[in-house]
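Asker: Input: one structure, supplied below.
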Amino acid sequence: METQRLIVDNHVDSEKSYSQAVDLLNAGELVAFPTETVYGLGAVATNDTAVKKIYIAKGRPSDNPLIVHIGTVDELGKYVIDISDKARKCMDAFWPGPLTMIFKVKPNVLAKSVTAGLDTVGIRMPSHPVALKLLQKLGKPVAAPSANRSGKPSPTEGIHVEQDLAGKIPMILDGGATGVGVESTVIDLTLETPVILRPGAITKEMLEKIIGPVKQPTHMEQKEGAPRAPGMKYTHYAPNAPVFLIEKDEQQVAEALQELHQDGHKVALLAPQRFEQLAPDWFFTLGESQDDMAANLFHALRACDLTTADIVLATVTTTQGVGAAIMNRLEKSAGGKWYAKDFQK
């Protein structure tokens, strides 16, 4: 299969590209497209045959549910039941945007492959202009996980999708680099006290200002049992070399690099810019602010695969605000491993 990557932005007449994408989706094919978080791999969410192609293209476990994207708030009632006051407040505050809400799914409407056998579904309305235009032109719900091979770092540029899925999907709508850089926050609103199943740019603090108390268990606390949202169960975001977490302390990192180099390892370091002076074999900055870290994380993890590093060290951050999302992704990429206690010296 040939994969077309078509540039779509405000400076290019993209109507033909959108029409091709809509035609492919209506024909039961897959189309990758940018959202404000990462690139998604879309199929019409009411077409079970099409949705199953997502799992095949990604190599994704079939018990890992998919998020459904819609182009207008009015569509929500077609696919879910029991839209609570808290849900409506969240929609008013954060849609369109990087917030996925878990609802009770309306029976026999969405493809069974979307919900992975659950009685709930995650739905969001993205704010990226390309995603919104595509969804509104299509007029149908689109199931779309991140457009990468399952378990690998999520794509934040069209070229990342091409690197992972060329020959497996017919089209990529390339709208440039995404903004947020980590996937949407997922919150379960079917519970009396809402629970964040996946942290993202819409933080616990932001949600609590709108709807009151919200629980946010850690990734490790959520890991057991059937996943109610994408990415809760399986290792994600991992480059080829094993990732180990390390405190954001220059002395600790310097000592780790010395030990690893003495043992003949080649090391890629993901850290704030000032750590470059410690002379790792490869250095990829995560930036200083949490927003920078979120935007740079997946790009940096992917860059590690362009090196011959056999160890990746990644400095950590706090779990306040967007830091919760960053740490969630770092823990998953490392499989929970810390250099200080888990590396076999």
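FYI, nothing fancy with the structure tokens labels: chains A, B, ... in order, residues from 1 per chain, ligands from 1 as they appear.
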Using only C-alpha atoms, which protein or nucleic acid residues come within 12 Å of Phe283 (chain A)? Drop anything in the same chain fewer than 6 positions from it, and give the result as number ranges by chain.

Answerer: A: 257, 266-277, 300-301, 303-304, 307, 309, 312-315

Asker: Once DSSP has gone over the backbone, tell me which residues of region 179-296 of chain A are in alpha helix (DSSP H), as a ChimeraX atom specification.

Answerer: /A:204-211,219-222,250-262,290-296

Asker: Excluding same-chain residues fewer than 2 positions from region 41-44 of chain A, what lies within 8 Å of it counting only C-alpha atoms, as a compact mmCIF listing (two decimals) with C-alpha atoms, in the first residue's frame?

Answerer:
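What follows is the written file part_17.txt:
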```txt
# COMPACT_ATOMS: atom_id res chain seq x y z
CA LEU A 25 -12.85 7.26 5.76
CA ASN A 26 -16.29 6.70 4.23
CA GLY A 28 -13.69 2.09 5.52
CA GLU A 29 -10.02 3.11 5.29
CA LEU A 30 -7.65 4.75 7.78
CA VAL A 31 -6.45 8.36 7.76
CA ALA A 32 -3.86 9.88 10.11
CA PHE A 33 -4.44 13.50 11.10
CA TYR A 39 -1.34 12.70 15.57
CA THR A 46 -19.46 3.01 13.62
CA ASN A 47 -17.67 0.73 11.12
CA ALA A 50 -12.61 -0.18 9.59
CA VAL A 51 -11.87 0.11 13.30
CA ILE A 54 -6.46 0.40 13.38
CA LYS A 140 -19.33 10.98 11.60
CA PRO A 141 -17.51 9.94 14.78
CA VAL A 142 -13.88 8.91 14.32
CA ALA A 143 -12.08 6.41 16.54
CA ALA A 144 -8.46 7.50 16.72
CA PRO A 145 -5.59 6.37 18.94
CA SER A 146 -2.13 7.85 18.41
CA ALA A 147 -0.81 7.20 14.90
CA ASN A 148 2.25 5.14 15.80
```

Asker: Quick one: residues within 10 Å of region 287-292 of chain A, only C-alpha atoms, excluding same-chain residues fewer than 6 positions away - as a PyMOL selection string?

Answerer: chain A and resi 179-182+201+270-274+317-318+320-326

Asker: Using only C-alpha atoms, which of A:Gly97, A:Gly59, A:Pro126, A:Gly117 sits nearest Gly71 (chain A)?

Answerer: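 Result for the nearest residue to Gly71 (chain A): A:Pro126.
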
Asker: Can you tell me how far CA of Pro34 (chain A) sits from CA of Arg60 (chain A), in Å to one decimal?

Answerer: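 The value is 19.7 Å.
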
Asker: Do a neighbour search on region 236-251 of chain A at 8 Å with only C-alpha atoms, toss out local chain neighbours closer than 5 positions, and write the hits as a ChimeraX atom specification.

Answerer: /A:150-154,231,271,275,278,298,301-302,304-305,309-317,329-340,343

Asker: Show which residues sit within 6 Å of region 175-178 of chain A, as a PyMOL selection string. Count only C-alpha atoms, and ignore same-chain residues fewer than 6 positions away.

Answerer: chain A and resi 8-9+34+36-38+156-157

Asker: Can you pull out every residue within 10 Å of Leu76 (chain A), counting only C-alpha atoms, but drop anything in the same chain fewer than 5 positions away, and send it as a list in words?

Answerer: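 Listed by chain and then number, they are His69, Ile70, Gly71, Ile81, Ile83, Phe103, Ile123, Arg124, Met125 and Pro141 of chain A.
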
Asker: Using DSSP on the backbone, list every residue of region 56-257 of chain A that comes out as strand (DSSP E or B), and give them as a ChimeraX atom specification.

Answerer: /A:67-69,80-81,99-105,120-124,142-143,146,166,169,171-174,185-188,195-198,215,243-246

Asker: Here is a test: counting only C-alpha atoms, which residue of A:Ala295, A:Cys90, A:Val253, A:Leu6 is nearest to Glu208 (chain A)?

Answerer: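 So, comparing all the options, the nearest one is A:Cys90.
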
Asker: May I ask for the distance between CA of Ala87 (chain A) and CA of Pro155 (chain A), given in Å to one decimal place?

Answerer: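 Straight-line distance from CA of Ala87 (chain A) to CA of Pro155 (chain A) works out to 28.7 Å.
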
Asker: Rounded to one decimal, what separation in Å do you get between CA of Ile202 (chain A) and CA of Ser127 (chain A)?

Answerer: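 CA of Ile202 (chain A) sits 13.0 Å away from CA of Ser127 (chain A).
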